[in-house]
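**Q** Contents are mmCIF, C-alpha atoms and all ligand atoms; file name model.cif:
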```cif
data_structure
loop_
_atom_site.group_PDB
_atom_site.id
_atom_site.type_symbol
_atom_site.label_atom_id
_atom_site.label_comp_id
_atom_site.auth_asym_id
_atom_site.auth_seq_id
_atom_site.Cartn_x
_atom_site.Cartn_y
_atom_site.Cartn_z
ATOM 1 C CA MET A 1 0.000 0.000 0.000
ATOM 2 C CA THR A 2 1.227 3.505 -0.820
ATOM 3 C CA GLN A 3 2.422 5.281 2.347
ATOM 4 C CA GLY A 4 3.744 8.498 0.816
ATOM 5 C CA VAL A 5 3.079 10.556 -2.307
ATOM 6 C CA ILE A 6 5.695 12.998 -3.585
ATOM 7 C CA PHE A 7 4.344 15.705 -5.846
ATOM 8 C CA ASP A 8 6.378 17.555 -8.400
ATOM 9 C CA LEU A 9 5.292 21.213 -8.269
ATOM 10 C CA ASP A 10 5.514 22.883 -11.689
ATOM 11 C CA GLY A 11 3.098 21.116 -14.028
ATOM 12 C CA VAL A 12 1.477 18.935 -11.356
ATOM 13 C CA ILE A 13 0.170 21.279 -8.636
ATOM 14 C CA VAL A 14 0.251 24.476 -10.700
ATOM 15 C CA ASP A 15 1.052 25.353 -14.302
ATOM 16 C CA THR A 16 4.059 27.598 -13.849
ATOM 17 C CA ALA A 17 5.579 26.319 -17.119
ATOM 18 C CA LYS A 18 3.743 29.118 -18.924
ATOM 19 C CA TYR A 19 5.460 31.727 -16.722
ATOM 20 C CA HIS A 20 8.871 30.090 -17.149
ATOM 21 C CA PHE A 21 8.189 30.195 -20.899
ATOM 22 C CA LEU A 22 7.298 33.908 -20.898
ATOM 23 C CA ALA A 23 10.460 34.776 -18.983
ATOM 24 C CA TRP A 24 12.779 32.569 -21.101
ATOM 25 C CA LYS A 25 11.168 33.879 -24.304
ATOM 26 C CA ARG A 26 11.801 37.439 -23.151
ATOM 27 C CA LEU A 27 15.441 36.620 -22.475
ATOM 28 C CA ALA A 28 15.813 34.961 -25.886
ATOM 29 C CA SER A 29 14.238 37.985 -27.520
ATOM 30 C CA GLU A 30 16.747 40.275 -25.778
ATOM 31 C CA LEU A 31 19.521 38.007 -27.022
ATOM 32 C CA GLY A 32 18.097 38.243 -30.551
ATOM 33 C CA PHE A 33 16.422 34.898 -31.285
ATOM 34 C CA GLU A 34 13.026 33.169 -31.121
ATOM 35 C CA PHE A 35 12.217 30.644 -28.405
ATOM 36 C CA SER A 36 9.175 28.456 -29.110
ATOM 37 C CA GLU A 37 6.823 26.421 -26.894
ATOM 38 C CA ALA A 38 8.342 23.265 -28.377
ATOM 39 C CA HIS A 39 11.772 24.431 -27.179
ATOM 40 C CA ASN A 40 10.236 25.155 -23.771
ATOM 41 C CA GLU A 41 9.115 21.522 -23.458
ATOM 42 C CA ARG A 42 12.808 20.611 -23.093
ATOM 43 C CA LEU A 43 13.099 22.808 -19.976
ATOM 44 C CA LYS A 44 10.417 21.070 -17.912
ATOM 45 C CA GLY A 45 11.825 19.662 -14.671
ATOM 46 C CA VAL A 46 15.313 20.904 -15.638
ATOM 47 C CA SER A 47 17.244 23.189 -13.251
ATOM 48 C CA ARG A 48 17.595 26.927 -13.926
ATOM 49 C CA MET A 49 21.227 26.844 -15.082
ATOM 50 C CA ALA A 50 20.715 23.707 -17.190
ATOM 51 C CA SER A 51 17.668 25.429 -18.738
ATOM 52 C CA LEU A 52 19.835 28.426 -19.623
ATOM 53 C CA GLU A 53 22.357 26.136 -21.335
ATOM 54 C CA ILE A 54 19.558 24.645 -23.463
ATOM 55 C CA LEU A 55 18.247 28.115 -24.322
ATOM 56 C CA LEU A 56 21.712 29.315 -25.341
ATOM 57 C CA SER A 57 22.210 26.252 -27.528
ATOM 58 C CA VAL A 58 18.861 26.980 -29.258
ATOM 59 C CA GLY A 59 20.149 30.494 -29.998
ATOM 60 C CA GLY A 60 23.563 29.210 -31.082
ATOM 61 C CA ILE A 61 25.233 31.337 -28.407
ATOM 62 C CA GLN A 62 28.575 29.995 -27.215
ATOM 63 C CA HIS A 63 31.542 30.978 -25.076
ATOM 64 C CA LEU A 64 29.798 33.083 -22.418
ATOM 65 C CA SER A 65 31.629 33.458 -19.114
ATOM 66 C CA GLU A 66 30.154 31.907 -15.954
ATOM 67 C CA GLU A 67 29.561 35.418 -14.676
ATOM 68 C CA GLU A 68 27.570 36.374 -17.759
ATOM 69 C CA LYS A 69 25.512 33.167 -17.518
ATOM 70 C CA GLN A 70 24.703 33.930 -13.879
ATOM 71 C CA ARG A 71 23.647 37.439 -14.866
ATOM 72 C CA LEU A 72 21.291 36.123 -17.565
ATOM 73 C CA ALA A 73 19.786 33.482 -15.252
ATOM 74 C CA THR A 74 19.215 36.099 -12.538
ATOM 75 C CA LYS A 75 17.531 38.393 -15.018
ATOM 76 C CA LYS A 76 15.196 35.623 -16.200
ATOM 77 C CA ASN A 77 14.400 34.708 -12.601
ATOM 78 C CA GLN A 78 13.493 38.310 -11.734
ATOM 79 C CA TRP A 79 10.936 38.356 -14.540
ATOM 80 C CA TYR A 80 9.658 34.915 -13.501
ATOM 81 C CA VAL A 81 9.275 36.018 -9.865
ATOM 82 C CA GLU A 82 7.221 39.019 -11.026
ATOM 83 C CA TYR A 83 4.785 36.576 -12.651
ATOM 84 C CA ILE A 84 4.540 34.132 -9.758
ATOM 85 C CA GLU A 85 3.988 36.899 -7.235
ATOM 86 C CA LYS A 86 0.569 37.258 -8.852
ATOM 87 C CA ILE A 87 -0.355 33.540 -8.667
ATOM 88 C CA THR A 88 -3.558 32.775 -6.706
ATOM 89 C CA PRO A 89 -5.128 29.536 -5.366
ATOM 90 C CA ALA A 90 -7.466 29.662 -8.399
ATOM 91 C CA GLU A 91 -4.468 28.424 -10.417
ATOM 92 C CA ILE A 92 -4.157 25.132 -8.527
ATOM 93 C CA LEU A 93 -4.593 22.470 -11.213
ATOM 94 C CA PRO A 94 -7.844 20.441 -11.402
ATOM 95 C CA GLY A 95 -7.865 17.328 -9.232
ATOM 96 C CA PHE A 96 -5.045 18.312 -6.887
ATOM 97 C CA LEU A 97 -7.149 19.480 -3.912
ATOM 98 C CA PRO A 98 -9.518 16.461 -3.954
ATOM 99 C CA LEU A 99 -6.476 14.165 -4.176
ATOM 100 C CA LEU A 100 -4.792 15.918 -1.229
ATOM 101 C CA ASP A 101 -7.991 15.429 0.844
ATOM 102 C CA PHE A 102 -8.188 11.773 -0.165
ATOM 103 C CA LEU A 103 -4.557 11.102 0.794
ATOM 104 C CA LYS A 104 -4.879 12.827 4.175
ATOM 105 C CA HIS A 105 -8.124 10.927 4.852
ATOM 106 C CA ASN A 106 -6.254 7.680 4.129
ATOM 107 C CA LYS A 107 -3.265 8.672 6.327
ATOM 108 C CA VAL A 108 -0.880 8.795 3.349
ATOM 109 C CA LYS A 109 1.984 11.270 3.876
ATOM 110 C CA VAL A 110 2.504 13.981 1.260
ATOM 111 C CA ALA A 111 5.623 15.808 0.096
ATOM 112 C CA VAL A 112 6.784 18.171 -2.630
ATOM 113 C CA GLY A 113 9.897 17.295 -4.657
ATOM 114 C CA SER A 114 10.682 20.169 -7.012
ATOM 115 C CA ALA A 115 13.719 21.413 -8.914
ATOM 116 C CA SER A 116 12.522 24.987 -8.386
ATOM 117 C CA LYS A 117 14.256 27.385 -6.018
ATOM 118 C CA ASN A 118 10.979 29.316 -5.972
ATOM 119 C CA ALA A 119 8.880 26.385 -4.694
ATOM 120 C CA GLY A 120 8.375 27.879 -1.205
ATOM 121 C CA THR A 121 7.136 31.189 -2.641
ATOM 122 C CA ILE A 122 4.738 29.436 -5.017
ATOM 123 C CA LEU A 123 3.307 27.129 -2.317
ATOM 124 C CA SER A 124 2.808 30.116 -0.007
ATOM 125 C CA ARG A 125 0.995 32.041 -2.729
ATOM 126 C CA LEU A 126 -1.251 28.997 -3.300
ATOM 127 C CA GLY A 127 -1.996 28.716 0.441
ATOM 128 C CA LEU A 128 -0.544 25.183 0.480
ATOM 129 C CA ILE A 129 2.746 25.559 2.332
ATOM 130 C CA GLU A 130 1.389 24.100 5.610
ATOM 131 C CA GLN A 131 -0.143 21.058 3.911
ATOM 132 C CA PHE A 132 2.968 18.953 3.345
ATOM 133 C CA ASP A 133 4.916 16.568 5.573
ATOM 134 C CA ALA A 134 8.105 17.381 3.635
ATOM 135 C CA LEU A 135 9.351 19.939 1.108
ATOM 136 C CA VAL A 136 12.478 19.361 -0.971
ATOM 137 C CA ASP A 137 13.212 22.101 -3.506
ATOM 138 C CA GLY A 138 16.005 23.416 -5.686
ATOM 139 C CA ASN A 139 17.671 25.086 -2.701
ATOM 140 C CA ARG A 140 18.266 21.734 -0.986
ATOM 141 C CA ILE A 141 19.456 19.502 -3.800
ATOM 142 C CA THR A 142 22.929 19.223 -5.265
ATOM 143 C CA GLU A 143 21.939 16.928 -8.156
ATOM 144 C CA ALA A 144 19.175 17.727 -10.638
ATOM 145 C CA LYS A 145 16.531 15.300 -12.006
ATOM 146 C CA PRO A 146 16.951 12.651 -13.480
ATOM 147 C CA ASN A 147 19.156 12.163 -10.421
ATOM 148 C CA PRO A 148 16.806 10.702 -7.773
ATOM 149 C CA GLN A 149 18.113 12.891 -4.905
ATOM 150 C CA VAL A 150 15.080 15.215 -4.768
ATOM 151 C CA PHE A 151 12.760 12.251 -4.202
ATOM 152 C CA THR A 152 14.969 10.183 -1.877
ATOM 153 C CA LEU A 153 15.406 13.239 0.380
ATOM 154 C CA ALA A 154 11.619 13.707 0.472
ATOM 155 C CA ALA A 155 11.087 10.048 1.434
ATOM 156 C CA ASP A 156 13.828 10.319 4.071
ATOM 157 C CA ASP A 157 12.121 13.424 5.513
ATOM 158 C CA MET A 158 8.814 11.532 5.696
ATOM 159 C CA GLY A 159 10.605 8.555 7.301
ATOM 160 C CA LEU A 160 9.368 6.162 4.610
ATOM 161 C CA PRO A 161 11.074 3.429 2.559
ATOM 162 C CA TYR A 162 11.442 4.422 -1.099
ATOM 163 C CA SER A 163 9.397 1.404 -2.231
ATOM 164 C CA ALA A 164 6.377 2.722 -0.275
ATOM 165 C CA CYS A 165 6.354 6.060 -2.119
ATOM 166 C CA VAL A 166 4.761 7.165 -5.381
ATOM 167 C CA VAL A 167 5.996 10.179 -7.355
ATOM 168 C CA ILE A 168 3.629 12.306 -9.444
ATOM 169 C CA GLU A 169 5.484 14.065 -12.281
ATOM 170 C CA ASP A 170 4.914 15.932 -15.554
ATOM 171 C CA ALA A 171 8.470 15.692 -16.915
ATOM 172 C CA GLU A 172 10.372 12.805 -18.472
ATOM 173 C CA ALA A 173 13.429 13.598 -16.317
ATOM 174 C CA GLY A 174 11.202 13.340 -13.229
ATOM 175 C CA ILE A 175 9.824 9.930 -14.227
ATOM 176 C CA GLU A 176 13.389 8.672 -14.673
ATOM 177 C CA ALA A 177 14.376 10.149 -11.282
ATOM 178 C CA ALA A 178 11.474 8.340 -9.579
ATOM 179 C CA GLN A 179 12.411 5.025 -11.166
ATOM 180 C CA ARG A 180 16.063 5.436 -10.206
ATOM 181 C CA ALA A 181 14.871 6.048 -6.625
ATOM 182 C CA GLY A 182 12.980 2.723 -6.713
ATOM 183 C CA MET A 183 9.609 4.473 -6.554
ATOM 184 C CA LYS A 184 6.453 3.949 -8.583
ATOM 185 C CA CYS A 185 5.329 6.951 -10.595
ATOM 186 C CA VAL A 186 2.331 8.614 -12.148
ATOM 187 C CA GLY A 187 2.893 10.781 -15.237
ATOM 188 C CA VAL A 188 0.612 13.771 -15.739
ATOM 189 C CA GLY A 189 0.509 14.777 -19.393
ATOM 190 C CA SER A 190 1.052 13.134 -22.752
ATOM 191 C CA PRO A 191 1.589 9.319 -22.927
ATOM 192 C CA ALA A 192 3.950 9.973 -25.846
ATOM 193 C CA ILE A 193 6.343 11.797 -23.494
ATOM 194 C CA LEU A 194 5.627 10.015 -20.178
ATOM 195 C CA GLY A 195 5.147 6.460 -21.469
ATOM 196 C CA ASN A 196 7.646 5.023 -18.962
ATOM 197 C CA ALA A 197 5.465 5.943 -15.957
ATOM 198 C CA ASP A 198 3.406 3.211 -14.221
ATOM 199 C CA ILE A 199 0.205 5.183 -14.825
ATOM 200 C CA VAL A 200 -0.250 8.135 -17.215
ATOM 201 C CA VAL A 201 -3.201 10.520 -16.949
ATOM 202 C CA GLN A 202 -3.931 13.652 -18.932
ATOM 203 C CA SER A 203 -4.630 15.580 -15.719
ATOM 204 C CA LEU A 204 -4.918 14.756 -12.007
ATOM 205 C CA ASP A 205 -8.710 14.840 -12.072
ATOM 206 C CA LYS A 206 -8.556 11.764 -14.336
ATOM 207 C CA LEU A 207 -6.547 9.735 -11.792
ATOM 208 C CA ASN A 208 -8.169 6.778 -10.052
ATOM 209 C CA PHE A 209 -7.295 7.570 -6.424
ATOM 210 C CA ASN A 210 -7.778 3.953 -5.261
ATOM 211 C CA GLU A 211 -5.345 2.751 -7.922
ATOM 212 C CA LEU A 212 -2.782 5.232 -6.560
ATOM 213 C CA LEU A 213 -3.379 3.938 -3.034
ATOM 214 C CA HIS A 214 -2.451 0.416 -4.137
ATOM 215 C CA LEU A 215 0.364 1.296 -6.547
ATOM 216 C CA ALA A 216 3.324 1.052 -4.130
ATOM 217 C CA GLY A 217 4.390 -1.428 -1.441
HETATM 218 P P1 LIG B 1 13.582 27.874 -10.753
HETATM 219 P P2 LIG B 1 9.565 21.236 -11.001
HETATM 220 C C1 LIG B 1 11.168 22.973 -12.304
HETATM 221 O O1 LIG B 1 10.198 22.689 -11.350
HETATM 222 C C2 LIG B 1 10.557 23.438 -13.612
HETATM 223 O O2 LIG B 1 9.798 22.391 -14.210
HETATM 224 C C3 LIG B 1 11.657 23.864 -14.557
HETATM 225 O O3 LIG B 1 11.101 24.324 -15.761
HETATM 226 C C4 LIG B 1 12.502 24.958 -13.890
HETATM 227 O O4 LIG B 1 13.571 25.348 -14.720
HETATM 228 C C5 LIG B 1 13.035 24.429 -12.560
HETATM 229 O O5 LIG B 1 11.950 24.029 -11.745
HETATM 230 C C6 LIG B 1 13.863 25.468 -11.822
HETATM 231 O O6 LIG B 1 13.027 26.506 -11.417
HETATM 232 O O7 LIG B 1 14.202 28.684 -11.822
HETATM 233 O O8 LIG B 1 12.299 28.476 -10.169
HETATM 234 O O9 LIG B 1 14.557 27.467 -9.662
HETATM 235 O O10 LIG B 1 8.820 20.812 -12.226
HETATM 236 O O11 LIG B 1 10.725 20.328 -10.627
HETATM 237 O O12 LIG B 1 8.649 21.545 -9.831
HETATM 238 MG MG MG B 2 7.355 19.602 -13.277
#
```
Re-express the file's structure as C-alpha cells.
**A**
Amino acid sequence: MTQGVIFDLDGVIVDTAKYHFLAWKRLASELGFEFSEAHNERLKGVSRMASLEILLSVGGIQHLSEEEKQRLATKKNQWYVEYIEKITPAEILPGFLPLLDFLKHNKVKVAVGSASKNAGTILSRLGLIEQFDALVDGNRITEAKPNPQVFTLAADDMGLPYSACVVIEDAEAGIEAAQRAGMKCVGVGSPAILGNADIVVQSLDKLNFNELLHLAG
C-alpha cells in the first residue's frame, strides 16, 4: 500500500511552465532569437542553469563566461518572480485538492519534490505551504533530475522506505528520477512523453485515487 506521495510542483500542482516560458522567451528575444513552446518543453523539470544552457544552444550562443551566464539566469528569474507573485489559489490544477484530501483521509503522507528554487514562494501564494509533511526544492538539492536525490530526500524526511512512495510528475526527467529512486510513478501529461510511468493521466482529475493507493508497497 502507498504510504507516501511525492508531488512535483511545476506542471502537477500548478502550471508555472507558462510563466517560465514567458520569462525565457523574453530573455531569448533580448539576445536576438526566437524561443518556441516546443523548445520550452525541453526545460520542464530541468534546473535553472541547465535550462539556460539549453536556451543558449537553441540560440547558437557559445563561449559566455560563468559570470555572464549567472547574470542572464538572474535576469530571467526576476521576470519569472514578477509573474509568480501574482499567482492565486485559483491556479491550482484540477484534481489536486480532492487528491490531497483523499490522501490525508487515508493517512498517506505527502511531500513536494521540485527542482525549483521558488517552490516555497509558489506554495505560499497557493496557500498550500502548511499542507505537506516534507518539502524538498532546488535550494536543498545538489543533483538535478533525473538524479533521484530530490525524491529520496523527500522520502527520508517523511521517514518512509522508497518502495512505499509514489511520485507524481509531468516531466520525463522526473519519471526517470522516480524510477532510479525505486519508486512507482504517475505521469501527468502526454503518454507519448511520459510512457515510462506506471500510470499516465492527462490531468490529475482523471486519476483513479484507489489505484494510486495500491500502486506502491
Ligand atoms: P527555478 P519542477 C522545475 O520545477 C521546472 O519544471 C523547470 O522548468 C525549472 O527550470 C526548474 O523548476 C527550476 O526553477 O528557476 O524556479 O529554480 O517541475 O521540478 O517543480
Ligand atoms: Mg514539473
**Q** Applied to this file, what does the PyMOL selection byres (((not hetatm)) within 12 of (chain B and resi 2)) return in terms of residues, put as a PyMOL selection string?
**A** chain A and resi 6-18+20+41-47+112-116+119+137+145-146+167-175+177+187-189+194
**Q** Please save C-alpha atoms of the selected residues as an mmCIF file, in the coordinates of the input.
**A**
```cif
data_model
loop_
_atom_site.group_PDB
_atom_site.id
_atom_site.type_symbol
_atom_site.label_atom_id
_atom_site.label_comp_id
_atom_site.auth_asym_id
_atom_site.auth_seq_id
_atom_site.Cartn_x
_atom_site.Cartn_y
_atom_site.Cartn_z
ATOM 1 C CA ILE A 6 5.695 12.998 -3.585
ATOM 2 C CA PHE A 7 4.344 15.705 -5.846
ATOM 3 C CA ASP A 8 6.378 17.555 -8.400
ATOM 4 C CA LEU A 9 5.292 21.213 -8.269
ATOM 5 C CA ASP A 10 5.514 22.883 -11.689
ATOM 6 C CA GLY A 11 3.098 21.116 -14.028
ATOM 7 C CA VAL A 12 1.477 18.935 -11.356
ATOM 8 C CA ILE A 13 0.170 21.279 -8.636
ATOM 9 C CA VAL A 14 0.251 24.476 -10.700
ATOM 10 C CA ASP A 15 1.052 25.353 -14.302
ATOM 11 C CA THR A 16 4.059 27.598 -13.849
ATOM 12 C CA ALA A 17 5.579 26.319 -17.119
ATOM 13 C CA LYS A 18 3.743 29.118 -18.924
ATOM 14 C CA HIS A 20 8.871 30.090 -17.149
ATOM 15 C CA GLU A 41 9.115 21.522 -23.458
ATOM 16 C CA ARG A 42 12.808 20.611 -23.093
ATOM 17 C CA LEU A 43 13.099 22.808 -19.976
ATOM 18 C CA LYS A 44 10.417 21.070 -17.912
ATOM 19 C CA GLY A 45 11.825 19.662 -14.671
ATOM 20 C CA VAL A 46 15.313 20.904 -15.638
ATOM 21 C CA SER A 47 17.244 23.189 -13.251
ATOM 22 C CA VAL A 112 6.784 18.171 -2.630
ATOM 23 C CA GLY A 113 9.897 17.295 -4.657
ATOM 24 C CA SER A 114 10.682 20.169 -7.012
ATOM 25 C CA ALA A 115 13.719 21.413 -8.914
ATOM 26 C CA SER A 116 12.522 24.987 -8.386
ATOM 27 C CA ALA A 119 8.880 26.385 -4.694
ATOM 28 C CA ASP A 137 13.212 22.101 -3.506
ATOM 29 C CA LYS A 145 16.531 15.300 -12.006
ATOM 30 C CA PRO A 146 16.951 12.651 -13.480
ATOM 31 C CA VAL A 167 5.996 10.179 -7.355
ATOM 32 C CA ILE A 168 3.629 12.306 -9.444
ATOM 33 C CA GLU A 169 5.484 14.065 -12.281
ATOM 34 C CA ASP A 170 4.914 15.932 -15.554
ATOM 35 C CA ALA A 171 8.470 15.692 -16.915
ATOM 36 C CA GLU A 172 10.372 12.805 -18.472
ATOM 37 C CA ALA A 173 13.429 13.598 -16.317
ATOM 38 C CA GLY A 174 11.202 13.340 -13.229
ATOM 39 C CA ILE A 175 9.824 9.930 -14.227
ATOM 40 C CA ALA A 177 14.376 10.149 -11.282
ATOM 41 C CA GLY A 187 2.893 10.781 -15.237
ATOM 42 C CA VAL A 188 0.612 13.771 -15.739
ATOM 43 C CA GLY A 189 0.509 14.777 -19.393
ATOM 44 C CA LEU A 194 5.627 10.015 -20.178
#
```
**Q** Using all atoms listed in the file for the distances, tell me which of A:Gly182, A:Pro161, A:Pro148, A:Pro191 is nearest to ligand LIG 1 (chain B).
**A**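 When distances to ligand LIG 1 (chain B) are compared using all atoms listed in the file, the smallest one comes from A:Pro148.
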**Q** Considering all atoms listed in the file, state which residue in the set A:Leu100, A:Ile141, A:Met183, A:Val108 is at the smallest distance from A:Asp205.
**A**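 Result for the nearest residue to A:Asp205: A:Leu100.
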**Q** Mind giving me the axis-aligned box for stretch 102-117 of chain A with 8 Å on every side, centre plus edges in Å to one decimal, as JSON?
**A**
```
{"center_x": 3.0, "center_y": 17.5, "center_z": -1.3, "size_x": 38.4, "size_y": 35.7, "size_z": 31.2}
```
**Q** On this file, the PyMOL selection byres (((chain A and resi 152) around 10) and not hetatm) gives some set of residues; write that set as JSON, numbers by chain.
**A** {"A": [6, 113, 136, 147, 148, 149, 150, 151, 153, 154, 155, 156, 157, 158, 160, 161, 162, 165, 177, 178, 180, 181, 182, 183]}
**Q** Could you dump the residues just selected with C-alpha atoms as a short mmCIF file (atom, residue, chain, number, x, y, z; two decimals), in the coordinates of the input?
**A**
```cif
data_model
loop_
_atom_site.label_atom_id
_atom_site.label_comp_id
_atom_site.auth_asym_id
_atom_site.auth_seq_id
_atom_site.Cartn_x
_atom_site.Cartn_y
_atom_site.Cartn_z
CA ILE A 6 5.70 13.00 -3.58
CA GLY A 113 9.90 17.30 -4.66
CA VAL A 136 12.48 19.36 -0.97
CA ASN A 147 19.16 12.16 -10.42
CA PRO A 148 16.81 10.70 -7.77
CA GLN A 149 18.11 12.89 -4.90
CA VAL A 150 15.08 15.22 -4.77
CA PHE A 151 12.76 12.25 -4.20
CA LEU A 153 15.41 13.24 0.38
CA ALA A 154 11.62 13.71 0.47
CA ALA A 155 11.09 10.05 1.43
CA ASP A 156 13.83 10.32 4.07
CA ASP A 157 12.12 13.42 5.51
CA MET A 158 8.81 11.53 5.70
CA LEU A 160 9.37 6.16 4.61
CA PRO A 161 11.07 3.43 2.56
CA TYR A 162 11.44 4.42 -1.10
CA CYS A 165 6.35 6.06 -2.12
CA ALA A 177 14.38 10.15 -11.28
CA ALA A 178 11.47 8.34 -9.58
CA ARG A 180 16.06 5.44 -10.21
CA ALA A 181 14.87 6.05 -6.62
CA GLY A 182 12.98 2.72 -6.71
CA MET A 183 9.61 4.47 -6.55
#
```
**Q** With distances taken over all atoms listed in the file, which of A:Ser51, A:Ser36, A:Gln3, A:Thr88 is nearest to ligand LIG 1 (chain B)?
**A**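 Looking only at the distances to ligand LIG 1 (chain B), the closest residue turns out to be A:Ser51.
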**Q** Suppose you want the space between atom CA of A:Met1 and atom CA of A:Leu212; what is it in Å?
**A**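 Computed distance, atom CA of A:Met1 to atom CA of A:Leu212, equals 8.8 Å.
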**Q** Under the PyMOL selection byres (((chain A and resi 56) around 12) and not hetatm), which residues of this model are included? Write them out as a PyMOL selection string.
**A** chain A and resi 24-25+27-29+31-35+39+49-55+57-64+68-69+72-73
**Q** Tell me which of A:Val5, A:Val81, A:Ala90, A:Ala164 sits closest to ligand LIG 1 (chain B), counting all atoms listed in the file.
**A** A:Val81
**Q** Between atom CA of A:Gly127 and atom CA of A:Gly4, what distance in Å does the model show, to one decimal?
**A** 21.0 Å
**Q** Could you work out how far atom CA of A:Glu176 lies from atom CA of A:Gln70, giving the answer in Å with one decimal?
**A**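 These atoms are spaced 27.7 Å apart.
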**Q** Identify, on the basis of only C-alpha atoms, every residue whose closest approach to A:Asn77 does not exceed 10 Å; exclude the query and any residue fewer than 5 positions from it along the same chain; express the result as a PyMOL selection string.
**A** chain A and resi 20+23-24+48+71-72+82-83+117-118
**Q** Looking at all atoms listed in the file, which of A:Arg26, A:Lys104, A:Arg140, A:Lys109 is the one that sits closest to ligand LIG 1 (chain B)?
**A**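 That would be A:Arg140, the residue with the smallest distance to ligand LIG 1 (chain B).
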**Q** Could you check which of A:Glu130, A:Glu211, A:Glu30, A:Asp101 is closest to A:Lys76, using all atoms listed in the file?
**A** A:Glu30
**Q** Find the residues around A:Ile122 up to 8 Å (all atoms listed in the file counted), leave out those fewer than 3 positions away in its own chain, and share them as JSON, numbers by chain.
**A** {"A": [84, 85, 87, 118, 119, 125, 126]}
